[in-house]
Structure formats: structure tokens, C-alpha cells
>>> print(open('coords.cif').read())   # mmCIF, C-alpha atoms
data_entry
loop_
_atom_site.group_PDB
_atom_site.id
_atom_site.type_symbol
_atom_site.label_atom_id
_atom_site.label_comp_id
_atom_site.auth_asym_id
_atom_site.auth_seq_id
_atom_site.Cartn_x
_atom_site.Cartn_y
_atom_site.Cartn_z
ATOM 1 C CA VAL B 1 60.553 -42.101 4.474
ATOM 2 C CA THR B 2 59.023 -38.627 4.137
ATOM 3 C CA ASP B 3 55.669 -37.162 3.179
ATOM 4 C CA PRO B 4 53.959 -36.697 0.790
ATOM 5 C CA THR B 5 53.245 -40.149 -0.560
ATOM 6 C CA PHE B 6 51.842 -41.022 -3.972
ATOM 7 C CA ALA B 7 49.581 -43.951 -4.810
ATOM 8 C CA VAL B 8 50.706 -46.295 -7.574
ATOM 9 C CA ARG B 9 48.035 -48.511 -9.103
ATOM 10 C CA PRO B 10 48.868 -51.744 -10.926
ATOM 11 C CA ILE B 11 48.169 -51.693 -14.653
ATOM 12 C CA GLY B 12 48.433 -55.483 -14.667
ATOM 13 C CA TRP B 13 50.231 -58.471 -13.197
ATOM 14 C CA ILE B 14 53.107 -60.820 -14.041
ATOM 15 C CA GLU B 15 52.260 -64.406 -14.931
ATOM 16 C CA SER B 16 55.363 -66.550 -14.408
ATOM 17 C CA PRO B 17 56.419 -70.056 -13.419
ATOM 18 C CA ILE B 18 58.512 -68.454 -10.642
ATOM 19 C CA ARG B 19 56.443 -68.986 -7.498
ATOM 20 C CA ASN B 20 58.539 -67.456 -4.745
ATOM 21 C CA ARG B 21 61.509 -65.253 -4.106
ATOM 22 C CA ARG B 22 63.764 -68.158 -3.212
ATOM 23 C CA SER B 23 63.475 -69.609 -6.708
ATOM 24 C CA ALA B 24 63.775 -66.291 -8.552
ATOM 25 C CA PRO B 25 67.065 -65.623 -10.343
ATOM 26 C CA ARG B 26 68.784 -62.398 -9.269
ATOM 27 C CA GLN B 27 68.651 -60.877 -12.731
ATOM 28 C CA ALA B 28 66.905 -61.633 -16.012
ATOM 29 C CA ASP B 29 70.121 -62.737 -17.719
ATOM 30 C CA GLU B 30 70.816 -65.254 -14.963
ATOM 31 C CA GLY B 31 68.281 -67.807 -16.169
ATOM 32 C CA ALA B 32 64.904 -66.072 -15.882
ATOM 33 C CA PRO B 33 62.040 -67.767 -17.758
ATOM 34 C CA PRO B 34 59.690 -66.007 -20.200
ATOM 35 C CA ALA B 35 56.679 -64.309 -18.579
ATOM 36 C CA VAL B 36 53.344 -62.782 -19.534
ATOM 37 C CA LEU B 37 52.202 -59.278 -18.636
ATOM 38 C CA VAL B 38 48.454 -59.668 -18.026
ATOM 39 C CA LEU B 39 47.111 -56.149 -18.345
ATOM 40 C CA ALA B 40 43.946 -54.734 -16.781
ATOM 41 C CA GLU B 41 41.080 -54.122 -19.186
ATOM 42 C CA GLY B 42 41.016 -50.435 -18.376
ATOM 43 C CA VAL B 43 44.410 -49.712 -19.929
ATOM 44 C CA GLY B 44 43.692 -51.291 -23.328
ATOM 45 C CA PRO B 45 44.284 -48.151 -25.433
ATOM 46 C CA ALA B 46 47.661 -47.594 -23.761
ATOM 47 C CA ILE B 47 49.244 -50.568 -25.577
ATOM 48 C CA ASP B 48 48.337 -49.337 -29.085
ATOM 49 C CA GLY B 49 51.564 -49.225 -31.050
ATOM 50 C CA LEU B 50 53.380 -51.848 -28.990
ATOM 51 C CA GLN B 51 54.763 -54.492 -31.359
ATOM 52 C CA VAL B 52 56.294 -57.942 -31.300
ATOM 53 C CA GLY B 53 60.063 -57.525 -31.278
ATOM 54 C CA ASP B 54 59.999 -54.248 -29.322
ATOM 55 C CA GLN B 55 62.536 -53.819 -26.524
ATOM 56 C CA ILE B 56 60.703 -52.484 -23.478
ATOM 57 C CA VAL B 57 61.357 -51.647 -19.841
ATOM 58 C CA VAL B 58 58.737 -53.145 -17.529
ATOM 59 C CA LEU B 59 58.353 -51.458 -14.133
ATOM 60 C CA THR B 60 57.003 -53.677 -11.372
ATOM 61 C CA TRP B 61 56.122 -53.334 -7.700
ATOM 62 C CA LEU B 62 58.202 -55.975 -5.894
ATOM 63 C CA HIS B 63 55.437 -56.739 -3.435
ATOM 64 C CA VAL B 64 57.302 -59.296 -1.320
ATOM 65 C CA ALA B 65 60.326 -57.047 -0.776
ATOM 66 C CA ARG B 66 61.156 -55.418 2.556
ATOM 67 C CA ARG B 67 60.908 -51.623 2.574
ATOM 68 C CA ASP B 68 62.737 -51.031 5.862
ATOM 69 C CA VAL B 69 66.148 -52.170 4.599
ATOM 70 C CA LEU B 70 68.765 -49.478 3.879
ATOM 71 C CA THR B 71 71.951 -51.585 3.734
ATOM 72 C CA THR B 72 72.583 -55.109 2.519
ATOM 73 C CA ARG B 73 75.336 -57.525 1.562
ATOM 74 C CA PRO B 74 75.290 -57.573 -2.257
ATOM 75 C CA ARG B 75 74.092 -60.886 -3.703
ATOM 76 C CA ASP B 76 73.805 -62.247 -0.142
ATOM 77 C CA HIS B 77 77.539 -62.943 -0.034
ATOM 78 C CA LEU B 78 78.106 -63.315 3.698
ATOM 79 C CA ARG B 79 81.578 -61.824 3.445
ATOM 80 C CA ALA B 80 80.554 -58.891 1.236
ATOM 81 C CA GLU B 81 80.703 -55.486 2.870
ATOM 82 C CA LEU B 82 77.430 -53.919 4.005
ATOM 83 C CA THR B 83 76.418 -51.628 1.148
ATOM 84 C CA GLY B 84 73.673 -49.035 0.783
ATOM 85 C CA VAL B 85 70.721 -50.406 -1.166
ATOM 86 C CA PHE B 86 70.951 -47.499 -3.636
ATOM 87 C CA ALA B 87 74.344 -48.908 -4.682
ATOM 88 C CA THR B 88 72.836 -52.387 -5.234
ATOM 89 C CA ARG B 89 70.001 -53.985 -7.173
ATOM 90 C CA SER B 90 68.538 -55.634 -4.067
ATOM 91 C CA PRO B 91 64.724 -55.823 -4.202
ATOM 92 C CA ASP B 92 64.694 -54.728 -0.546
ATOM 93 C CA ARG B 93 64.632 -50.895 -0.598
ATOM 94 C CA PRO B 94 62.334 -48.009 0.439
ATOM 95 C CA ASN B 95 60.344 -48.048 -2.820
ATOM 96 C CA PRO B 96 60.676 -51.586 -4.216
ATOM 97 C CA ILE B 97 60.214 -50.820 -7.898
ATOM 98 C CA GLY B 98 61.676 -53.413 -10.265
ATOM 99 C CA LEU B 99 63.120 -52.578 -13.696
ATOM 100 C CA HIS B 100 63.074 -55.315 -16.300
ATOM 101 C CA ASP B 101 64.554 -54.971 -19.786
ATOM 102 C CA VAL B 102 62.694 -57.460 -21.953
ATOM 103 C CA ARG B 103 61.624 -58.085 -25.531
ATOM 104 C CA VAL B 104 57.995 -58.481 -26.618
ATOM 105 C CA THR B 105 57.647 -61.988 -28.103
ATOM 106 C CA ALA B 106 53.850 -62.101 -28.683
ATOM 107 C CA ILE B 107 50.734 -60.010 -28.048
ATOM 108 C CA GLU B 108 47.377 -61.748 -27.501
ATOM 109 C CA GLY B 109 44.791 -59.127 -26.606
ATOM 110 C CA MET B 110 45.781 -57.874 -23.163
ATOM 111 C CA ARG B 111 48.402 -60.605 -22.666
ATOM 112 C CA ILE B 112 51.880 -59.428 -23.607
ATOM 113 C CA HIS B 113 54.442 -62.246 -23.767
ATOM 114 C CA VAL B 114 57.995 -61.202 -22.964
ATOM 115 C CA SER B 115 61.460 -62.723 -22.788
ATOM 116 C CA GLY B 116 63.172 -63.696 -19.503
ATOM 117 C CA LEU B 117 61.905 -61.752 -16.480
ATOM 118 C CA GLU B 118 62.925 -62.529 -12.895
ATOM 119 C CA ALA B 119 59.856 -61.289 -10.961
ATOM 120 C CA ILE B 120 57.625 -63.853 -9.240
ATOM 121 C CA ASN B 121 54.127 -64.824 -10.337
ATOM 122 C CA GLY B 122 51.549 -62.222 -9.302
ATOM 123 C CA THR B 123 53.950 -59.271 -9.149
ATOM 124 C CA PRO B 124 52.055 -56.040 -9.946
ATOM 125 C CA VAL B 125 53.075 -54.223 -13.156
ATOM 126 C CA LEU B 126 53.252 -50.416 -12.864
ATOM 127 C CA ASP B 127 54.372 -49.221 -16.278
ATOM 128 C CA ILE B 128 55.763 -50.204 -19.670
ATOM 129 C CA LYS B 129 58.176 -47.947 -21.550
ATOM 130 C CA PRO B 130 59.865 -48.410 -24.916
ATOM 131 C CA VAL B 131 63.665 -48.495 -24.935
ATOM 132 C CA LEU B 132 64.739 -45.351 -26.766
ATOM 133 C CA GLY B 133 66.953 -45.356 -29.816
ATOM 134 C CA PRO B 134 69.404 -42.506 -30.470
ATOM 135 C CA PRO B 135 67.964 -38.934 -30.648
ATOM 136 C CA GLY B 136 67.682 -38.893 -34.457
ATOM 137 C CA GLU B 137 65.377 -41.927 -34.493
ATOM 138 C CA ARG B 138 62.804 -40.689 -31.969
ATOM 139 C CA VAL E 1 43.437 -48.193 -12.672
ATOM 140 C CA THR E 2 42.747 -51.160 -10.398
ATOM 141 C CA ASP E 3 43.100 -51.985 -6.735
ATOM 142 C CA PRO E 4 45.191 -52.552 -4.690
ATOM 143 C CA THR E 5 47.309 -49.433 -4.617
ATOM 144 C CA PHE E 6 50.755 -49.031 -3.081
ATOM 145 C CA ALA E 7 52.176 -45.906 -1.472
ATOM 146 C CA VAL E 8 55.495 -44.614 -2.779
ATOM 147 C CA ARG E 9 57.387 -42.200 -0.537
ATOM 148 C CA PRO E 10 59.992 -39.782 -1.871
ATOM 149 C CA ILE E 11 63.545 -40.510 -0.761
ATOM 150 C CA GLY E 12 64.508 -37.005 -1.883
ATOM 151 C CA TRP E 13 63.944 -34.309 -4.468
ATOM 152 C CA ILE E 14 65.481 -33.001 -7.687
ATOM 153 C CA GLU E 15 67.183 -29.620 -7.585
ATOM 154 C CA SER E 16 67.382 -28.263 -11.130
ATOM 155 C CA PRO E 17 67.363 -24.976 -13.052
ATOM 156 C CA ILE E 18 64.383 -26.376 -15.032
ATOM 157 C CA ARG E 19 61.372 -24.629 -13.524
ATOM 158 C CA ASN E 20 58.441 -25.965 -15.510
ATOM 159 C CA ARG E 21 57.437 -28.642 -17.948
ATOM 160 C CA ARG E 22 57.419 -26.254 -20.907
ATOM 161 C CA SER E 23 61.141 -25.610 -20.544
ATOM 162 C CA ALA E 24 62.106 -29.245 -19.878
ATOM 163 C CA PRO E 25 63.858 -31.103 -22.693
ATOM 164 C CA ARG E 26 62.106 -34.316 -23.737
ATOM 165 C CA GLN E 27 65.075 -36.502 -22.865
ATOM 166 C CA ALA E 28 68.343 -36.096 -20.971
ATOM 167 C CA ASP E 29 70.449 -36.235 -24.149
ATOM 168 C CA GLU E 30 68.445 -33.421 -25.701
ATOM 169 C CA GLY E 31 70.110 -30.664 -23.718
ATOM 170 C CA ALA E 32 69.208 -31.406 -20.086
ATOM 171 C CA PRO E 33 71.283 -29.522 -17.485
ATOM 172 C CA PRO E 34 73.093 -31.149 -14.544
ATOM 173 C CA ALA E 35 70.945 -31.643 -11.434
ATOM 174 C CA VAL E 36 71.306 -32.459 -7.743
ATOM 175 C CA LEU E 37 69.497 -35.279 -5.935
ATOM 176 C CA VAL E 38 68.808 -33.843 -2.481
ATOM 177 C CA LEU E 39 68.180 -36.899 -0.333
ATOM 178 C CA ALA E 40 66.138 -37.080 2.856
ATOM 179 C CA GLU E 41 68.157 -37.483 6.063
ATOM 180 C CA GLY E 42 66.427 -40.762 6.857
ATOM 181 C CA VAL E 43 67.958 -42.641 3.916
ATOM 182 C CA GLY E 44 71.599 -41.763 4.624
ATOM 183 C CA PRO E 45 72.900 -45.328 5.016
ATOM 184 C CA ALA E 46 71.320 -46.319 1.683
ATOM 185 C CA ILE E 47 73.902 -44.327 -0.318
ATOM 186 C CA ASP E 48 76.935 -46.051 1.245
ATOM 187 C CA GLY E 49 78.994 -47.400 -1.634
ATOM 188 C CA LEU E 50 77.737 -44.930 -4.226
ATOM 189 C CA GLN E 51 80.767 -43.310 -5.889
ATOM 190 C CA VAL E 52 81.646 -40.428 -8.159
ATOM 191 C CA GLY E 53 81.722 -41.747 -11.720
ATOM 192 C CA ASP E 54 79.022 -44.381 -11.125
ATOM 193 C CA GLN E 55 76.344 -44.766 -13.793
ATOM 194 C CA ILE E 56 72.971 -44.886 -12.070
ATOM 195 C CA VAL E 57 69.289 -44.998 -12.913
ATOM 196 C CA VAL E 58 67.266 -42.416 -10.986
ATOM 197 C CA LEU E 59 63.542 -43.136 -10.623
ATOM 198 C CA THR E 60 61.341 -40.080 -10.128
ATOM 199 C CA TRP E 61 57.654 -39.345 -9.611
ATOM 200 C CA LEU E 62 56.680 -36.975 -12.426
ATOM 201 C CA HIS E 63 54.344 -35.007 -10.188
ATOM 202 C CA VAL E 64 53.033 -32.577 -12.806
ATOM 203 C CA ALA E 65 52.109 -35.315 -15.291
ATOM 204 C CA ARG E 66 48.518 -36.311 -16.101
ATOM 205 C CA ARG E 67 47.554 -39.806 -14.999
ATOM 206 C CA ASP E 68 44.322 -40.077 -17.006
ATOM 207 C CA VAL E 69 46.010 -40.128 -20.414
ATOM 208 C CA LEU E 70 46.186 -43.483 -22.254
ATOM 209 C CA THR E 71 47.032 -42.320 -25.804
ATOM 210 C CA THR E 72 49.105 -39.440 -27.077
ATOM 211 C CA ARG E 73 50.781 -38.064 -30.186
ATOM 212 C CA PRO E 74 54.491 -38.877 -29.725
ATOM 213 C CA ARG E 75 56.636 -35.807 -29.136
ATOM 214 C CA ASP E 76 53.529 -33.614 -29.596
ATOM 215 C CA HIS E 77 53.807 -33.875 -33.376
ATOM 216 C CA LEU E 78 50.310 -32.821 -34.430
ATOM 217 C CA ARG E 79 50.357 -35.146 -37.409
ATOM 218 C CA ALA E 80 51.708 -38.148 -35.506
ATOM 219 C CA GLU E 81 49.300 -41.021 -35.056
ATOM 220 C CA LEU E 82 47.627 -41.419 -31.661
ATOM 221 C CA THR E 83 49.777 -43.979 -29.843
ATOM 222 C CA GLY E 84 49.332 -45.817 -26.559
ATOM 223 C CA VAL E 85 51.392 -44.239 -23.798
ATOM 224 C CA PHE E 86 53.078 -47.607 -23.082
ATOM 225 C CA ALA E 87 54.636 -47.355 -26.563
ATOM 226 C CA THR E 88 55.932 -43.839 -25.822
ATOM 227 C CA ARG E 89 58.058 -42.065 -23.228
ATOM 228 C CA SER E 90 55.383 -39.433 -22.541
ATOM 229 C CA PRO E 91 55.351 -38.339 -18.875
ATOM 230 C CA ASP E 92 51.545 -38.537 -19.010
ATOM 231 C CA ARG E 93 50.644 -42.155 -18.076
ATOM 232 C CA PRO E 94 48.792 -44.054 -15.317
ATOM 233 C CA ASN E 95 51.853 -44.250 -13.040
ATOM 234 C CA PRO E 96 54.095 -41.323 -14.011
ATOM 235 C CA ILE E 97 57.449 -42.771 -12.969
ATOM 236 C CA GLY E 98 60.461 -41.234 -14.725
ATOM 237 C CA LEU E 99 63.653 -43.168 -15.526
ATOM 238 C CA HIS E 100 66.858 -41.169 -15.818
ATOM 239 C CA ASP E 101 70.215 -42.657 -16.782
ATOM 240 C CA VAL E 102 72.828 -40.346 -15.308
ATOM 241 C CA ARG E 103 76.386 -40.313 -13.999
ATOM 242 C CA VAL E 104 77.342 -39.276 -10.464
ATOM 243 C CA THR E 105 79.629 -36.228 -10.744
ATOM 244 C CA ALA E 106 80.008 -35.295 -7.042
ATOM 245 C CA ILE E 107 78.704 -36.357 -3.632
ATOM 246 C CA GLU E 108 78.430 -33.756 -0.830
ATOM 247 C CA GLY E 109 76.761 -35.380 2.158
ATOM 248 C CA MET E 110 73.180 -36.024 1.094
ATOM 249 C CA ARG E 111 73.515 -33.996 -2.120
ATOM 250 C CA ILE E 112 74.321 -36.172 -5.112
ATOM 251 C CA HIS E 113 75.312 -34.210 -8.199
ATOM 252 C CA VAL E 114 74.476 -35.878 -11.499
ATOM 253 C CA SER E 115 74.876 -35.293 -15.219
ATOM 254 C CA GLY E 116 72.026 -34.042 -17.452
ATOM 255 C CA LEU E 117 68.561 -34.863 -16.126
ATOM 256 C CA GLU E 118 65.336 -33.564 -17.701
ATOM 257 C CA ALA E 119 62.988 -33.520 -14.665
ATOM 258 C CA ILE E 120 61.838 -30.169 -13.282
ATOM 259 C CA ASN E 121 62.951 -28.624 -9.991
ATOM 260 C CA GLY E 122 61.169 -30.211 -7.030
ATOM 261 C CA THR E 123 60.427 -33.541 -8.697
ATOM 262 C CA PRO E 124 60.294 -36.298 -6.045
ATOM 263 C CA VAL E 125 62.992 -39.005 -6.261
ATOM 264 C CA LEU E 126 61.786 -42.565 -5.588
ATOM 265 C CA ASP E 127 64.853 -44.750 -6.014
ATOM 266 C CA ILE E 128 68.453 -44.933 -7.203
ATOM 267 C CA LYS E 129 69.846 -48.082 -8.814
ATOM 268 C CA PRO E 130 73.305 -48.837 -10.175
ATOM 269 C CA VAL E 131 73.538 -49.714 -13.852
ATOM 270 C CA LEU E 132 74.585 -53.364 -13.975
ATOM 271 C CA GLY E 133 77.652 -54.608 -15.771
ATOM 272 C CA PRO E 134 77.716 -58.054 -17.425
ATOM 273 C CA PRO E 135 76.924 -61.098 -15.184
ATOM 274 C CA GLY E 136 80.557 -61.941 -14.455
ATOM 275 C CA GLU E 137 81.244 -58.509 -12.931
ATOM 276 C CA ARG E 138 78.344 -58.456 -10.449
#
>>> encode(input="coords.cif", output="C-alpha cells")
Amino acid sequence: VTDPTFAVRPIGWIESPIRNRRSAPRQADEGAPPAVLVLAEGVGPAIDGLQVGDQIVVLTWLHVARRDVLTTRPRDHLRAELTGVFATRSPDRPNPIGLHDVRVTAIEGMRIHVSGLEAINGTPVLDIKPVLGPPGER
Amino acid sequence: VTDPTFAVRPIGWIESPIRNRRSAPRQADEGAPPAVLVLAEGVGPAIDGLQVGDQIVVLTWLHVARRDVLTTRPRDHLRAELTGVFATRSPDRPNPIGLHDVRVTAIEGMRIHVSGLEAINGTPVLDIKPVLGPPGER
């Protein structure tokens, strides 16, 4: 869209039974299966403190999305009005970064098991953030 | 961290009275001032449908953050235990992408005014997503 650009580097990848976009649910709470975040060895220290039961936001790079799409029909409803992608959750958008609210269900070394996540197998993971509680609990 | 890398391109920039990291609150609900998302001309159609009052998630590139940091002391408490950055909201992390939950307060052409946002002036904006309601309302 404009310069400058910044380079994002995967910190890991999604392991999932979802093999392609066609079979991916639109959102996690629409039937997404559990997944595993398989993290790169180099980021090991960055998961210290992450615990089973934690609510986290996983950021992914939706690598099969189209980046040249600015308007879409929400949820592919043919009769929906054309809507700007910034007013929708379409994966097709200039910077196709996915946000996934999930719960950590198990941690095995660099494999972090999480609850339902709608990204397809092999999707790069960019970041993991804890969901924040209210100010007094930070 | 690992190859491949992907190039993110700003869709706009943050206009804010916050001039440097030292004067930025840690989180939006810790005293952050209103801000303006100044969007690039090229993405105009992508904001069609965005409305005053909408709750949105703004994704930013925290351009002054350090990317070589894997552990930190949360909230700079000197006596806090060293914690992996993926278990904290520190801006210093391999891919310094900021998430900001804000409300749209006004739209003037390509200038989107939003409620409290803790990023500093000039921070690149990567994406805007609506906050989703429950499945039945999508």
C-alpha cells in the first residue's frame, strides 16, 4: 500500500486438521477444531510463564489470503452489500493478520496445544499475547 | 527468527499527542489520550461500512520496540521475575505488533478518530478489524 514495509518472521506454525480454506470455519466459535502452535526453537525463552488454562491471543499470517482485496461481501452472502474489508473479518485484506482468542490446553516443550482455532494447517504464527485482566490485576 | 519472512505495509499512521515511549501509558485504559488513524489514500474503499460508535481492533507496528528481546520483567518492576515476552504485553518482542481495542468517535474522510490509544505519534497502522458480536449477529 505504501512504503516503508516491515518484515515479519514466523515464530512458529499452526498444526491443524484443517487442510484448506474451503474447509475452515469462518470463526473459532463456529466449529473450529483444537490446534497446536509448533514454535521455532529460537523463541524458547519467550514462552516462559505461559501456563495451561491461560487465555491468549494468537496472531497469525493468513498466508493463503488475497492482499489486493479492499471490499467484499461479508460472509460471502451474494446479496450482502459490498463492504470495506476493515469493516469485516475477511481474511482477504492488505495485511492478512489473523487474531485468534484461544485457551492453552497443554504445553509439551515447544508444542502449545490450544482450543478451537480456525486457521489452516501450516499457517505461520507471528505472536502470542496474554489476554489482559482489569488494570488492578496486571 | 526463521524464514520465510512476509512484508507488512502500513495502511496509515497514528496521530497522537504521545511523542515518545517514555510518556506512553502501558495500556489504553491507563490514561491513553484519543488518537486519529490517518489512512493512506490507496485504502479508501476498505473503510466503507465503518461507522461512528463501532468497536474496532487496530493493529499497529510498534516501530520503536526491540525485536531481539525474548524475556522481560513485566511492567518494568525490578523485582518481578523474568518472564517470556509471549506471556506479557511488552512491546519488545520478535514481531512487535500492537493490538488496540478502541471505539470510533468520528470519521472525516481518511481520518478516523478513536478513543484512548497508547501508541506514540507516527506509529504505522497495519489493519483495522471490527469486534465481533455473538455468532447469531454476524
>>> resolve_selection(input="coords.cif", expression="the PyMOL selection byres ((chain B) within 8 of (chain E))", output="ChimeraX atom specification")
/B:1-11,29-30,40,42-43,45-50,70-71,83-89,94-95,97,126-130,135
>>> resolve_selection(input="coords.cif", expression="the PyMOL selection byres ((chain B and resi 106-119) around 7)", output="PyMOL selection string")
chain B and resi 24-28+32-39+44+52+100+102-105+120-121+123
>>> axis_aligned_box(input="coords.cif", around="region 43-53 of chain E", padding_each_side="4 Å", output="JSON")
{"center_x": 74.8, "center_y": -43.9, "center_z": -3.4, "size_x": 21.8, "size_y": 15.0, "size_z": 24.7}
>>> calpha_fit_and_write(input="coords.cif", fixed="chain E", moving="chain B", output="tab-separated table (two decimals) with C-alpha atoms, keeping the file's coordinate frame")
chain	number	residue	atom	x	y	z
B	1	VAL	CA	43.34	-48.25	-12.70
B	2	THR	CA	42.72	-51.22	-10.39
B	3	ASP	CA	43.10	-51.98	-6.71
B	4	PRO	CA	45.20	-52.54	-4.68
B	5	THR	CA	47.33	-49.42	-4.62
B	6	PHE	CA	50.77	-49.03	-3.08
B	7	ALA	CA	52.18	-45.90	-1.47
B	8	VAL	CA	55.50	-44.60	-2.78
B	9	ARG	CA	57.38	-42.20	-0.53
B	10	PRO	CA	60.00	-39.78	-1.87
B	11	ILE	CA	63.55	-40.50	-0.76
B	12	GLY	CA	64.52	-37.00	-1.88
B	13	TRP	CA	63.94	-34.30	-4.46
B	14	ILE	CA	65.49	-33.00	-7.68
B	15	GLU	CA	67.20	-29.61	-7.58
B	16	SER	CA	67.39	-28.25	-11.13
B	17	PRO	CA	67.36	-24.98	-13.06
B	18	ILE	CA	64.39	-26.38	-15.03
B	19	ARG	CA	61.37	-24.65	-13.51
B	20	ASN	CA	58.44	-25.98	-15.50
B	21	ARG	CA	57.44	-28.65	-17.94
B	22	ARG	CA	57.42	-26.27	-20.88
B	23	SER	CA	61.14	-25.63	-20.54
B	24	ALA	CA	62.12	-29.25	-19.87
B	25	PRO	CA	63.86	-31.10	-22.69
B	26	ARG	CA	62.11	-34.32	-23.74
B	27	GLN	CA	65.08	-36.51	-22.88
B	28	ALA	CA	68.34	-36.11	-20.99
B	29	ASP	CA	70.44	-36.26	-24.16
B	30	GLU	CA	68.44	-33.43	-25.72
B	31	GLY	CA	70.10	-30.67	-23.71
B	32	ALA	CA	69.21	-31.40	-20.08
B	33	PRO	CA	71.29	-29.52	-17.49
B	34	PRO	CA	73.09	-31.15	-14.54
B	35	ALA	CA	70.94	-31.63	-11.42
B	36	VAL	CA	71.30	-32.46	-7.74
B	37	LEU	CA	69.50	-35.27	-5.94
B	38	VAL	CA	68.81	-33.83	-2.47
B	39	LEU	CA	68.17	-36.89	-0.34
B	40	ALA	CA	66.13	-37.08	2.87
B	41	GLU	CA	68.15	-37.49	6.05
B	42	GLY	CA	66.45	-40.76	6.87
B	43	VAL	CA	67.96	-42.64	3.92
B	44	GLY	CA	71.60	-41.75	4.64
B	45	PRO	CA	72.89	-45.33	5.02
B	46	ALA	CA	71.31	-46.31	1.69
B	47	ILE	CA	73.89	-44.32	-0.31
B	48	ASP	CA	76.93	-46.05	1.24
B	49	GLY	CA	78.98	-47.41	-1.63
B	50	LEU	CA	77.74	-44.92	-4.22
B	51	GLN	CA	80.76	-43.31	-5.89
B	52	VAL	CA	81.64	-40.43	-8.17
B	53	GLY	CA	81.72	-41.76	-11.72
B	54	ASP	CA	79.01	-44.38	-11.13
B	55	GLN	CA	76.33	-44.78	-13.80
B	56	ILE	CA	72.96	-44.88	-12.07
B	57	VAL	CA	69.27	-45.00	-12.92
B	58	VAL	CA	67.26	-42.42	-10.99
B	59	LEU	CA	63.54	-43.14	-10.61
B	60	THR	CA	61.35	-40.08	-10.12
B	61	TRP	CA	57.66	-39.35	-9.61
B	62	LEU	CA	56.68	-36.97	-12.42
B	63	HIS	CA	54.35	-35.00	-10.20
B	64	VAL	CA	53.04	-32.57	-12.83
B	65	ALA	CA	52.11	-35.32	-15.30
B	66	ARG	CA	48.53	-36.30	-16.10
B	67	ARG	CA	47.56	-39.81	-15.00
B	68	ASP	CA	44.33	-40.07	-17.01
B	69	VAL	CA	46.02	-40.13	-20.42
B	70	LEU	CA	46.19	-43.48	-22.26
B	71	THR	CA	47.02	-42.32	-25.80
B	72	THR	CA	49.11	-39.44	-27.08
B	73	ARG	CA	50.78	-38.06	-30.19
B	74	PRO	CA	54.49	-38.88	-29.72
B	75	ARG	CA	56.64	-35.79	-29.16
B	76	ASP	CA	53.52	-33.63	-29.59
B	77	HIS	CA	53.79	-33.87	-33.37
B	78	LEU	CA	50.30	-32.81	-34.43
B	79	ARG	CA	50.37	-35.14	-37.42
B	80	ALA	CA	51.72	-38.15	-35.51
B	81	GLU	CA	49.30	-41.02	-35.06
B	82	LEU	CA	47.64	-41.42	-31.67
B	83	THR	CA	49.78	-43.98	-29.84
B	84	GLY	CA	49.34	-45.82	-26.56
B	85	VAL	CA	51.40	-44.24	-23.79
B	86	PHE	CA	53.08	-47.60	-23.08
B	87	ALA	CA	54.63	-47.35	-26.56
B	88	THR	CA	55.94	-43.83	-25.83
B	89	ARG	CA	58.06	-42.06	-23.24
B	90	SER	CA	55.39	-39.44	-22.55
B	91	PRO	CA	55.36	-38.34	-18.89
B	92	ASP	CA	51.55	-38.53	-19.02
B	93	ARG	CA	50.65	-42.14	-18.08
B	94	PRO	CA	48.80	-44.05	-15.32
B	95	ASN	CA	51.86	-44.26	-13.03
B	96	PRO	CA	54.10	-41.33	-14.00
B	97	ILE	CA	57.45	-42.78	-12.97
B	98	GLY	CA	60.46	-41.24	-14.71
B	99	LEU	CA	63.65	-43.17	-15.53
B	100	HIS	CA	66.85	-41.17	-15.81
B	101	ASP	CA	70.21	-42.66	-16.77
B	102	VAL	CA	72.83	-40.35	-15.30
B	103	ARG	CA	76.38	-40.31	-14.00
B	104	VAL	CA	77.34	-39.28	-10.46
B	105	THR	CA	79.63	-36.23	-10.76
B	106	ALA	CA	80.01	-35.31	-7.05
B	107	ILE	CA	78.71	-36.36	-3.63
B	108	GLU	CA	78.43	-33.77	-0.84
B	109	GLY	CA	76.77	-35.39	2.16
B	110	MET	CA	73.19	-36.03	1.10
B	111	ARG	CA	73.53	-34.00	-2.11
B	112	ILE	CA	74.33	-36.18	-5.10
B	113	HIS	CA	75.32	-34.20	-8.21
B	114	VAL	CA	74.48	-35.89	-11.49
B	115	SER	CA	74.87	-35.27	-15.21
B	116	GLY	CA	72.03	-34.03	-17.46
B	117	LEU	CA	68.56	-34.86	-16.13
B	118	GLU	CA	65.34	-33.57	-17.70
B	119	ALA	CA	62.99	-33.53	-14.66
B	120	ILE	CA	61.85	-30.17	-13.28
B	121	ASN	CA	62.96	-28.64	-10.00
B	122	GLY	CA	61.17	-30.21	-7.03
B	123	THR	CA	60.42	-33.55	-8.70
B	124	PRO	CA	60.29	-36.30	-6.04
B	125	VAL	CA	62.99	-39.00	-6.25
B	126	LEU	CA	61.78	-42.56	-5.58
B	127	ASP	CA	64.84	-44.74	-6.01
B	128	ILE	CA	68.44	-44.93	-7.20
B	129	LYS	CA	69.83	-48.09	-8.81
B	130	PRO	CA	73.29	-48.84	-10.17
B	131	VAL	CA	73.54	-49.71	-13.86
B	132	LEU	CA	74.58	-53.35	-13.98
B	133	GLY	CA	77.65	-54.59	-15.77
B	134	PRO	CA	77.71	-58.03	-17.42
B	135	PRO	CA	76.92	-61.08	-15.19
B	136	GLY	CA	80.58	-61.91	-14.48
B	137	GLU	CA	81.24	-58.49	-12.94
B	138	ARG	CA	78.35	-58.44	-10.46
>>> closest_residue(input="coords.cif", among="E:Gly122, E:Arg66, E:Arg73, E:Gln55", to="Ser16 (chain E)", atoms="all atoms listed in the file")
E:Gly122
>>> atom_distance(input="coords.cif", atom1="CA of Pro91 (chain B)", atom2="CA of Gly53 (chain B)")
27.5 Å
>>> atom_distance(input="coords.cif", atom1="CA of Trp13 (chain E)", atom2="CA of Thr60 (chain E)")
8.5 Å
>>> atom_distance(input="coords.cif", atom1="CA of Arg67 (chain E)", atom2="CA of Asp92 (chain E)")
5.8 Å
